[in-house]
Amino acid sequence: MSAPPPLNSNLNQFEIDDENTSFSPINMGHVGTGGMDNAAYAPAQTQFSGHHQQQQQQQGQSSGGWFQRLTSCCSIVSLQSHFDVDTEDVKDRLMGSVLHANKPDHFVVSILNKEGKKADLYGPIWITMACVFLFAVTSNTSKYLRTDSISDIEYDISHLTHALSILSFYTFVIPFALFLVFKAINVPLTFMDMVSLYGYSLVPYLPMTIMCLFPSVILEWIFLLGASALSLSLILRNVIGPVIRTSMAWSGPISIGIMGCHFVFMMVLKFTFYRHRYHKTSDGGGSSVDVEDDDANQEPYFDETVDDGGNGRW
């Protein structure tokens with residue numbers, strides 16, 4: 001029996017040529033040969049990735065809920081853009097709220113939302129705070145100008161809190177209520193548009209507060225009616241147009257509601273800050289004169305010389 005050939009002699013027959021050797025798949029016409037067609041799997045991969053992203057978005061929305069969306073609208077980042085106005089923007093909006101109050105859709109379209117601009121909160125907040133201060137000061141000053149006795153005058157600090165609550169309700173709560181109605185009927189007016197509109201509609205009341213210092217009830221009513229009419233015109237002219245174009249049936253109820261709110265607002269201002277009551281008194285010569293009452297300074301009256309059985313003493 002012969003011995004097997006040495007191992008080294010067989011290895012020389014399987015030398016690999018690095019230059020001519022290729023490891024690319026060879027298509028022999030059978031199943032399992034040739035390269036993989038990745039293009040056939042591309043639609044499935046794209047569909048899977050898109051579905052996965054959609055599931056992630058839905059999970060993110062459901063995890064936050066409506067409360068997260070509400071708080072995100074009130075965050076500093078989202079509100080910061082509504083304070084990005086310069087002096088010229090505020091000046092144009094202050095002037096436009098008075099000069100163009102009777103032009104349909106002009107204030108919202110051509111002033112608030114003109115090219116590169118949008119509704120702001122800077123102007124409405126400062127106008128509201130200025131009105132709070134002026135109503136509180138002029139209401140007490142008007143009382144001072146109508147009395148002959150300086151010692152009977154006391155500054156009523158409650159006018160400041162009353163003005164803040166009334167004007168804040170007018171500037172923010174009423175626009176929010178209207179925005180909910182507009183959202184239900186698809187009127188293209190945002191909440192910021194309504195806040196800016198109502199905020200800048202307070203501009204006519206700024207000079208009105210100074211004019212009401214005149215010691216005349218008739219002049220007070222004239223100035224208050226004039227400021228309220230100008231303010232109401234600005235709101236109606238910029239709100240009713242979009243409402244009519246969206247839903248004609250809602251234009252009447254919304255107009256009546258806005259006018260009713262404005263009338264109530266005017267009466268609240270009048271009887272909260274500029275209410276003057278008078279009573280008849282004798283001047284000693286047999287004639288009667290009107291003397292203004294101050295509810296804060298009145299004290300119960302009791303006449304000991306009159307015995308009426310305890311009825312009507314106070």
# chains A, B, ... in the order shown; residues from 1 in each chain; ligands from 1

$ residues_around --residues "Phe135 of chain A" --least-positions-apart "2" --cutoff "8 Å" --atoms "only C-alpha atoms" --output "compact mmCIF listing (two decimals) with N, CA, C and O atoms, in the first residue's frame"
# COMPACT_ATOMS: atom_id res chain seq x y z
N CYS A 131 -56.99 102.49 30.72
CA CYS A 131 -58.40 102.78 31.02
C CYS A 131 -58.73 102.48 32.48
O CYS A 131 -59.51 103.21 33.11
N VAL A 132 -58.15 101.43 33.02
CA VAL A 132 -58.37 101.12 34.44
C VAL A 132 -57.91 102.28 35.31
O VAL A 132 -58.63 102.72 36.23
N PHE A 133 -56.74 102.80 35.04
CA PHE A 133 -56.22 103.91 35.82
C PHE A 133 -57.06 105.17 35.64
O PHE A 133 -57.40 105.86 36.63
N VAL A 137 -59.28 107.14 38.54
CA VAL A 137 -58.87 108.50 38.94
C VAL A 137 -59.96 109.51 38.65
O VAL A 137 -60.32 110.34 39.50
N THR A 138 -60.50 109.48 37.43
CA THR A 138 -61.47 110.50 37.05
C THR A 138 -62.79 110.35 37.80
O THR A 138 -63.50 111.34 38.02
N SER A 139 -63.15 109.13 38.19
CA SER A 139 -64.39 108.97 38.96
C SER A 139 -64.28 109.63 40.32
O SER A 139 -65.23 110.28 40.78
N HIS A 159 -62.88 101.70 43.24
CA HIS A 159 -63.02 102.02 41.82
C HIS A 159 -61.90 101.37 41.00
O HIS A 159 -62.11 101.02 39.83
N LEU A 160 -60.74 101.22 41.60
CA LEU A 160 -59.62 100.62 40.89
C LEU A 160 -59.88 99.13 40.62
O LEU A 160 -59.66 98.64 39.50
N ALA A 163 -62.77 98.78 38.08
CA ALA A 163 -62.35 99.06 36.71
C ALA A 163 -61.54 97.91 36.14
O ALA A 163 -61.70 97.54 34.97
N THR A 209 -62.82 109.72 29.36
CA THR A 209 -62.68 109.80 30.81
C THR A 209 -62.27 111.20 31.26
O THR A 209 -62.71 111.66 32.32
N PHE A 273 -68.91 104.42 37.75
CA PHE A 273 -67.87 105.43 37.93
C PHE A 273 -68.39 106.87 37.89
O PHE A 273 -67.75 107.77 38.44

$ residues_around --residues "segment 176-180 of chain A" --least-positions-apart "4" --cutoff "9 Å" --atoms "only C-alpha atoms" --output "list of chain:residue names"
A:Phe172, A:Ala184, A:Ile185, A:Val187, A:Leu189, A:Thr190, A:Phe191, A:Met194, A:Val195, A:Ile254, A:Ile258

$ residues_around --residues "segment 101-109 of chain A" --least-positions-apart "3" --cutoff "6 Å" --atoms "only C-alpha atoms" --output "PyMOL selection string"
chain A and resi 97-98+112-113+233-234+237-238

$ write_last_selection --atoms "N, CA and C atoms" --output "PDB file, in the first residue's frame"
ATOM      1  N   SER A  97     -57.949 102.613  14.716  1.00  0.00           N
ATOM      2  CA  SER A  97     -59.149 102.238  15.469  1.00  0.00           C
ATOM      3  C   SER A  97     -60.149 103.383  15.567  1.00  0.00           C
ATOM      4  N   VAL A  98     -59.689 104.596  15.373  1.00  0.00           N
ATOM      5  CA  VAL A  98     -60.582 105.760  15.435  1.00  0.00           C
ATOM      6  C   VAL A  98     -60.899 106.282  14.034  1.00  0.00           C
ATOM      7  N   LEU A 112     -54.376  95.181  11.227  1.00  0.00           N
ATOM      8  CA  LEU A 112     -53.887  94.125  12.111  1.00  0.00           C
ATOM      9  C   LEU A 112     -53.102  93.065  11.359  1.00  0.00           C
ATOM     10  N   ASN A 113     -53.654  92.596  10.242  1.00  0.00           N
ATOM     11  CA  ASN A 113     -53.064  91.468   9.518  1.00  0.00           C
ATOM     12  C   ASN A 113     -52.517  91.882   8.155  1.00  0.00           C
ATOM     13  N   SER A 233     -68.931 100.689  16.486  1.00  0.00           N
ATOM     14  CA  SER A 233     -68.788 100.708  15.030  1.00  0.00           C
ATOM     15  C   SER A 233     -67.544  99.946  14.586  1.00  0.00           C
ATOM     16  N   LEU A 234     -66.437 100.108  15.304  1.00  0.00           N
ATOM     17  CA  LEU A 234     -65.214  99.393  14.960  1.00  0.00           C
ATOM     18  C   LEU A 234     -65.415  97.879  15.042  1.00  0.00           C
ATOM     19  N   ARG A 237     -68.162  96.579  12.250  1.00  0.00           N
ATOM     20  CA  ARG A 237     -67.674  96.681  10.881  1.00  0.00           C
ATOM     21  C   ARG A 237     -66.636  95.618  10.551  1.00  0.00           C
ATOM     22  N   ASN A 238     -65.943  95.114  11.540  1.00  0.00           N
ATOM     23  CA  ASN A 238     -64.904  94.125  11.287  1.00  0.00           C
ATOM     24  C   ASN A 238     -65.329  92.704  11.611  1.00  0.00           C
TER      25      ASN A 238
END

$ residues_around --residues "Ser228 of chain A" --least-positions-apart "3" --cutoff "9 Å" --atoms "only C-alpha atoms" --output "list in words"
Ser201, Leu202, Pro204, Tyr205, Phe223, Leu224, Leu225, Ser231, Leu232, Ser233, His262, Phe263, Phe265 and Met266 of chain A

$ select_by_dssp --residues "segment 82-284 of chain A" --states "helix (DSSP H, G or I)" --output "ChimeraX atom specification"
/A:82-83,87-99,106-112,122-145,150-152,158-184,191-200,205-211,217-246,248-273

$ residues_around --residues "Tyr274 of chain A" --least-positions-apart "3" --cutoff "10 Å" --atoms "only C-alpha atoms" --output "CSV table (one decimal) with C-alpha atoms, in the first residue's frame"
chain,number,residue,atom,x,y,z
A,135,PHE,CA,-61.6,105.4,35.2
A,138,THR,CA,-61.5,110.5,37.0
A,139,SER,CA,-64.4,109.0,39.0
A,140,ASN,CA,-62.9,110.2,42.2
A,142,SER,CA,-65.3,114.1,39.3
A,143,LYS,CA,-66.7,113.6,42.9
A,209,THR,CA,-62.7,109.8,30.8
A,212,CYS,CA,-66.3,113.4,31.9
A,213,LEU,CA,-64.6,115.7,34.5
A,217,VAL,CA,-74.5,115.1,33.7
A,220,GLU,CA,-71.2,112.9,30.6
A,221,TRP,CA,-74.0,111.1,28.8
A,268,VAL,CA,-72.0,99.7,33.8
A,269,LEU,CA,-69.4,102.3,33.2
A,270,LYS,CA,-71.8,105.1,33.7
A,271,PHE,CA,-73.4,103.9,37.0
A,277,ARG,CA,-77.4,111.3,43.1

$ atom_distance --atom1 "atom CA of Lys91 of chain A" --atom2 "atom CA of Gly123 of chain A"
9.3 Å
